Amino acid sequence: MKKLLLLLLFPLLGFGQHNFSIIKNNLVWEKVFPGTVMPEEMMKQIKLTGKCQFADFNYNVVDFCINYTSDDLKNFGYKVSPYFLSEGGQCTGMVEFKEGRYRVTIFKLDYYDPDDIMLVLPVNGEILKDGQVRDRDAYERALNYFDQYFTYLFEKIVARDGW
C-alpha cells in the first residue's frame, strides 16, 4: 500500500516546477544564468536566433522581442494541447547584467490566435483565472514548455562561444 501511495505522489513532485511567477495578474518568467556575457554579444546572439523582432541595448540592459512557433515547443514535449499554442506567438523581455551572471525576464507572452493568425492575444487570458493558473494540467504543461524553451534559448546563447 505504501508503494502505491508513493507511485501516486511521484508525478506530483515535479508538477509546477518552472520559473514563472504571477505579478499583478501577469505571467512573468525570470531566471538568473551564470556566466559573463557582454550586453552587445547577447544582443547579437539574440538577433542571430532568426526569431528576433527587435533587440536593443540601453543602460546595461538588452530589451528584446522574440517569436516562437509550435515547432520550438515540440522539442520540449508540446503536441496539440493546449490548442492556443498551435500557431506560436511572441515574447517580450529584457536581459540585465551583473558580474558573473545575467538575468532574463520575460514580462509579456502572446500567442497568435489559431482561428485568425493576424490576431495577437495575451497568454495570460488563457492560462490565468482570477490571478491564478487555471486548474488544468494542460496549462501547467504549457508553462513547463515555455520554461524549458526559454532556458534552452538563453543558455544556448552563452554556449555558442565555440571555445
# chains A, B, ... in the order shown; residues from 1 in each chain; ligands from 1
call {"tool": "select_by_dssp", "arguments": {"residues": "chain A", "states": "helix (DSSP H, G or I)", "output": "PyMOL selection string"}}
result
chain A and resi 2-13+39-48+70-74+83-85+124-127+137-159
call {"tool": "residues_around", "arguments": {"residues": "A:Ala138", "least_positions_apart": "3", "cutoff": "9 Å", "atoms": "only C-alpha atoms", "output": "VMD selection string"}}
result
chain A and resid 81 to 82 135 141 to 143
call {"tool": "write_last_selection", "arguments": {"atoms": "N, CA, C and O atoms", "output": "mmCIF file, in the first residue's frame"}}
result
data_model
loop_
_atom_site.group_PDB
_atom_site.id
_atom_site.type_symbol
_atom_site.label_atom_id
_atom_site.label_comp_id
_atom_site.auth_asym_id
_atom_site.auth_seq_id
_atom_site.Cartn_x
_atom_site.Cartn_y
_atom_site.Cartn_z
ATOM 1 N N SER A 81 -1.956 20.077 -27.235
ATOM 2 C CA SER A 81 -2.671 20.693 -26.121
ATOM 3 C C SER A 81 -1.694 21.513 -25.290
ATOM 4 O O SER A 81 -0.593 21.057 -25.017
ATOM 5 N N PRO A 82 -2.012 22.710 -24.944
ATOM 6 C CA PRO A 82 -3.249 23.434 -25.224
ATOM 7 C C PRO A 82 -3.284 23.986 -26.645
ATOM 8 O O PRO A 82 -2.271 24.396 -27.209
ATOM 9 N N ASP A 135 -6.934 25.560 -13.189
ATOM 10 C CA ASP A 135 -6.800 24.213 -12.646
ATOM 11 C C ASP A 135 -6.986 23.171 -13.751
ATOM 12 O O ASP A 135 -8.028 22.548 -13.870
ATOM 13 N N ARG A 141 1.386 22.358 -18.066
ATOM 14 C CA ARG A 141 2.306 21.829 -19.078
ATOM 15 C C ARG A 141 2.785 22.943 -20.009
ATOM 16 O O ARG A 141 3.950 23.000 -20.372
ATOM 17 N N ALA A 142 1.880 23.836 -20.402
ATOM 18 C CA ALA A 142 2.261 24.947 -21.281
ATOM 19 C C ALA A 142 3.343 25.799 -20.627
ATOM 20 O O ALA A 142 4.323 26.176 -21.276
ATOM 21 N N LEU A 143 3.206 26.071 -19.334
ATOM 22 C CA LEU A 143 4.229 26.846 -18.631
ATOM 23 C C LEU A 143 5.553 26.090 -18.609
ATOM 24 O O LEU A 143 6.614 26.688 -18.762
#
call {"tool": "closest_atom_pairs", "arguments": {"of": "stretch 58-147 of chain A", "to": "stretch 25-35 of chain A", "cutoff": "7 Å", "atoms": "only C-alpha atoms", "output": "JSON lines"}}
result
{"residue": "A:Gly100", "atom": "CA", "partner": "A:Gly35", "partner_atom": "CA", "distance": 5.0}
{"residue": "A:Arg101", "atom": "CA", "partner": "A:Pro34", "partner_atom": "CA", "distance": 4.3}
{"residue": "A:Tyr102", "atom": "CA", "partner": "A:Phe33", "partner_atom": "CA", "distance": 5.4}
{"residue": "A:Arg103", "atom": "CA", "partner": "A:Val32", "partner_atom": "CA", "distance": 4.2}
{"residue": "A:Val104", "atom": "CA", "partner": "A:Lys31", "partner_atom": "CA", "distance": 5.5}
{"residue": "A:Thr105", "atom": "CA", "partner": "A:Glu30", "partner_atom": "CA", "distance": 4.4}
{"residue": "A:Ile106", "atom": "CA", "partner": "A:Trp29", "partner_atom": "CA", "distance": 5.0}
{"residue": "A:Phe107", "atom": "CA", "partner": "A:Val28", "partner_atom": "CA", "distance": 4.7}
{"residue": "A:Asn124", "atom": "CA", "partner": "A:Asn26", "partner_atom": "CA", "distance": 6.2}
{"residue": "A:Gly131", "atom": "CA", "partner": "A:Asn25", "partner_atom": "CA", "distance": 4.8}
call {"tool": "residues_around", "arguments": {"residues": "A:Pro122", "least_positions_apart": "5", "cutoff": "9 Å", "atoms": "only C-alpha atoms", "output": "PyMOL selection string"}}
result
chain A and resi 108-112
call {"tool": "write_last_selection", "arguments": {"atoms": "N, CA, C and O atoms", "output": "PDB file, in the first residue's frame"}}
result
ATOM      1  N   LYS A 108       6.050  39.756 -21.114  1.00  0.00           N
ATOM      2  CA  LYS A 108       4.884  39.748 -21.996  1.00  0.00           C
ATOM      3  C   LYS A 108       4.967  38.517 -22.885  1.00  0.00           C
ATOM      4  O   LYS A 108       5.946  38.332 -23.612  1.00  0.00           O
ATOM      5  N   LEU A 109       3.953  37.693 -22.813  1.00  0.00           N
ATOM      6  CA  LEU A 109       3.909  36.447 -23.571  1.00  0.00           C
ATOM      7  C   LEU A 109       2.582  36.416 -24.324  1.00  0.00           C
ATOM      8  O   LEU A 109       1.517  36.451 -23.714  1.00  0.00           O
ATOM      9  N   ASP A 110       2.669  36.400 -25.655  1.00  0.00           N
ATOM     10  CA  ASP A 110       1.479  36.436 -26.502  1.00  0.00           C
ATOM     11  C   ASP A 110       1.440  35.215 -27.401  1.00  0.00           C
ATOM     12  O   ASP A 110       2.456  34.553 -27.617  1.00  0.00           O
ATOM     13  N   TYR A 111       0.253  34.940 -27.947  1.00  0.00           N
ATOM     14  CA  TYR A 111       0.109  33.858 -28.926  1.00  0.00           C
ATOM     15  C   TYR A 111      -0.715  34.362 -30.098  1.00  0.00           C
ATOM     16  O   TYR A 111      -1.482  35.318 -29.974  1.00  0.00           O
ATOM     17  N   TYR A 112      -0.513  33.720 -31.260  1.00  0.00           N
ATOM     18  CA  TYR A 112      -1.300  34.032 -32.442  1.00  0.00           C
ATOM     19  C   TYR A 112      -2.573  33.209 -32.392  1.00  0.00           C
ATOM     20  O   TYR A 112      -2.526  31.988 -32.225  1.00  0.00           O
TER      21      TYR A 112
END
call {"tool": "closest_residue", "arguments": {"among": "A:Phe54, A:Glu40, A:Phe20, A:Asp71", "to": "A:Glu140", "atoms": "only C-alpha atoms"}}
result
A:Phe20
call {"tool": "select_by_dssp", "arguments": {"residues": "stretch 45-90 of chain A", "states": "strand (DSSP E or B)", "output": "tab-separated table (two decimals) with C-alpha atoms, in the first residue's frame"}}
result
chain	number	residue	atom	x	y	z
A	52	CYS	CA	14.14	38.22	-33.17
A	53	GLN	CA	11.66	41.01	-33.95
A	54	PHE	CA	13.85	43.53	-32.16
A	55	ALA	CA	16.75	43.75	-29.72
A	56	ASP	CA	18.02	46.99	-28.26
A	57	PHE	CA	20.85	47.73	-25.82
A	58	ASN	CA	20.42	50.61	-23.39
A	61	VAL	CA	20.01	46.15	-20.36
A	62	VAL	CA	19.06	44.35	-23.56
A	63	ASP	CA	15.37	44.65	-24.47
A	64	PHE	CA	14.02	42.10	-26.94
A	65	CYS	CA	11.01	40.60	-28.65
A	66	ILE	CA	11.34	37.04	-29.96
A	67	ASN	CA	8.88	34.93	-31.97
A	68	TYR	CA	8.26	31.29	-31.14
A	89	GLY	CA	3.44	33.70	-30.80
A	90	GLN	CA	5.93	36.18	-29.38
call {"tool": "atom_distance", "arguments": {"atom1": "atom CA of A:Asp130", "atom2": "atom CA of A:Ser21"}}
result
14.1 Å
call {"tool": "closest_residue", "arguments": {"among": "A:Asn60, A:Asp137, A:Glu87, A:Glu41", "to": "A:Leu73", "atoms": "only C-alpha atoms"}}
result
A:Glu87
call {"tool": "atom_distance", "arguments": {"atom1": "atom CA of A:Gly93", "atom2": "atom CA of A:Asn144"}}
result
17.9 Å
call {"tool": "closest_residue", "arguments": {"among": "A:Leu121, A:Ser70, A:Lys98, A:Phe76", "to": "A:Met38", "atoms": "only C-alpha atoms"}}
result
A:Lys98
call {"tool": "closest_residue", "arguments": {"among": "A:Ile22, A:Ile117, A:Met94, A:Leu85", "to": "A:Tyr59", "atoms": "only C-alpha atoms"}}
result
A:Met94
call {"tool": "atom_distance", "arguments": {"atom1": "atom CA of A:Tyr152", "atom2": "atom CA of A:Asp72"}}
result
10.4 Å
call {"tool": "decode", "arguments": {"residues": "stretch 14-145 of chain A", "atoms": "C-alpha atoms", "output": "compact mmCIF listing (two decimals), in the first residue's frame"}}
result
# COMPACT_ATOMS: atom_id res chain seq x y z
CA GLY A 14 7.65 17.69 -10.47
CA PHE A 15 4.33 19.43 -11.08
CA GLY A 16 4.56 23.19 -11.11
CA GLN A 17 8.36 23.35 -11.25
CA HIS A 18 9.07 26.30 -13.52
CA ASN A 19 10.41 29.86 -13.39
CA PHE A 20 7.07 31.63 -13.84
CA SER A 21 5.50 33.84 -11.24
CA ILE A 22 2.32 35.88 -11.28
CA ILE A 23 2.83 39.60 -10.69
CA LYS A 24 -0.25 41.83 -10.78
CA ASN A 25 -2.24 39.23 -12.77
CA ASN A 26 0.57 38.90 -15.30
CA LEU A 27 2.74 35.86 -16.02
CA VAL A 28 6.42 36.73 -15.66
CA TRP A 29 9.29 34.34 -16.44
CA GLU A 30 12.57 35.12 -14.74
CA LYS A 31 15.79 33.17 -14.48
CA VAL A 32 19.35 34.02 -13.49
CA PHE A 33 22.08 32.36 -15.54
CA PRO A 34 25.73 32.10 -14.53
CA GLY A 35 28.30 33.41 -16.98
CA THR A 36 29.98 36.56 -18.10
CA VAL A 37 28.41 37.89 -21.27
CA MET A 38 28.77 41.37 -22.70
CA PRO A 39 25.42 43.05 -23.45
CA GLU A 40 26.47 43.70 -27.05
CA GLU A 41 27.26 40.00 -27.52
CA MET A 42 23.91 38.99 -26.00
CA MET A 43 22.07 41.35 -28.34
CA LYS A 44 23.97 39.97 -31.32
CA GLN A 45 23.21 36.39 -30.33
CA ILE A 46 19.51 37.12 -29.81
CA LYS A 47 19.38 38.58 -33.31
CA LEU A 48 21.16 35.50 -34.71
CA THR A 49 18.41 33.17 -33.43
CA GLY A 50 16.42 34.13 -36.52
CA LYS A 51 13.38 34.69 -34.31
CA CYS A 52 14.14 38.22 -33.17
CA GLN A 53 11.66 41.01 -33.95
CA PHE A 54 13.85 43.53 -32.16
CA ALA A 55 16.75 43.75 -29.72
CA ASP A 56 18.02 46.99 -28.26
CA PHE A 57 20.85 47.73 -25.82
CA ASN A 58 20.42 50.61 -23.39
CA TYR A 59 21.98 51.27 -19.97
CA ASN A 60 23.37 47.75 -19.48
CA VAL A 61 20.01 46.15 -20.36
CA VAL A 62 19.06 44.35 -23.56
CA ASP A 63 15.37 44.65 -24.47
CA PHE A 64 14.02 42.10 -26.94
CA CYS A 65 11.01 40.60 -28.65
CA ILE A 66 11.34 37.04 -29.96
CA ASN A 67 8.88 34.93 -31.97
CA TYR A 68 8.26 31.29 -31.14
CA THR A 69 6.50 28.54 -33.09
CA SER A 70 4.75 25.37 -32.02
CA ASP A 71 7.76 23.52 -33.50
CA ASP A 72 10.01 25.28 -30.97
CA LEU A 73 7.81 23.96 -28.16
CA LYS A 74 7.55 20.45 -29.67
CA ASN A 75 11.21 19.89 -28.77
CA PHE A 76 10.09 20.06 -25.14
CA GLY A 77 7.02 17.82 -25.34
CA TYR A 78 4.28 20.01 -26.84
CA LYS A 79 1.89 18.04 -29.05
CA VAL A 80 -1.55 19.63 -29.56
CA SER A 81 -2.67 20.69 -26.12
CA PRO A 82 -3.25 23.43 -25.22
CA TYR A 83 -4.71 24.39 -28.57
CA PHE A 84 -4.00 28.11 -28.29
CA LEU A 85 -0.25 27.45 -28.76
CA SER A 86 -0.71 25.76 -32.15
CA GLU A 87 0.26 28.86 -34.19
CA GLY A 88 3.09 30.13 -31.98
CA GLY A 89 3.44 33.70 -30.80
CA GLN A 90 5.93 36.18 -29.38
CA CYS A 91 7.55 37.09 -26.10
CA THR A 92 8.94 40.41 -24.91
CA GLY A 93 11.52 40.81 -22.19
CA MET A 94 14.90 42.06 -21.08
CA VAL A 95 18.31 40.81 -20.04
CA GLU A 96 20.12 42.51 -17.15
CA PHE A 97 23.81 42.00 -16.45
CA LYS A 98 25.89 41.77 -13.29
CA GLU A 99 29.41 40.46 -12.92
CA GLY A 100 29.42 36.71 -13.44
CA ARG A 101 25.69 36.37 -14.16
CA TYR A 102 22.77 37.72 -16.14
CA ARG A 103 19.02 37.72 -15.52
CA VAL A 104 16.44 37.16 -18.24
CA THR A 105 12.92 38.43 -17.56
CA ILE A 106 10.05 37.83 -19.96
CA PHE A 107 7.16 40.03 -18.97
CA LYS A 108 4.88 39.75 -22.00
CA LEU A 109 3.91 36.45 -23.57
CA ASP A 110 1.48 36.44 -26.50
CA TYR A 111 0.11 33.86 -28.93
CA TYR A 112 -1.30 34.03 -32.44
CA ASP A 113 -5.00 33.19 -32.48
CA PRO A 114 -5.36 29.79 -34.22
CA ASP A 115 -8.60 30.99 -35.86
CA ASP A 116 -7.18 34.34 -37.04
CA ILE A 117 -3.36 34.38 -37.17
CA MET A 118 -3.36 38.18 -37.58
CA LEU A 119 -4.75 38.49 -34.05
CA VAL A 120 -2.19 38.51 -31.23
CA LEU A 121 -3.58 37.69 -27.77
CA PRO A 122 -2.00 37.54 -24.31
CA VAL A 123 -1.27 34.08 -22.92
CA ASN A 124 -2.42 35.43 -19.54
CA GLY A 125 -6.04 35.31 -20.72
CA GLU A 126 -5.78 31.59 -21.44
CA ILE A 127 -3.67 30.39 -18.52
CA LEU A 128 -4.75 32.66 -15.66
CA LYS A 129 -8.10 32.95 -13.94
CA ASP A 130 -8.56 35.31 -11.01
CA GLY A 131 -4.80 35.79 -10.72
CA GLN A 132 -4.03 32.05 -10.50
CA VAL A 133 -3.07 29.35 -13.01
CA ARG A 134 -6.24 27.61 -14.18
CA ASP A 135 -6.80 24.21 -12.65
CA ARG A 136 -5.96 22.04 -15.64
CA ASP A 137 -2.84 20.04 -16.42
CA ALA A 138 -2.60 21.47 -19.93
CA TYR A 139 -1.94 24.98 -18.60
CA GLU A 140 0.75 23.83 -16.21
CA ARG A 141 2.31 21.83 -19.08
CA ALA A 142 2.26 24.95 -21.28
CA LEU A 143 4.23 26.85 -18.63
CA ASN A 144 6.73 23.98 -18.47
CA TYR A 145 7.14 24.02 -22.29
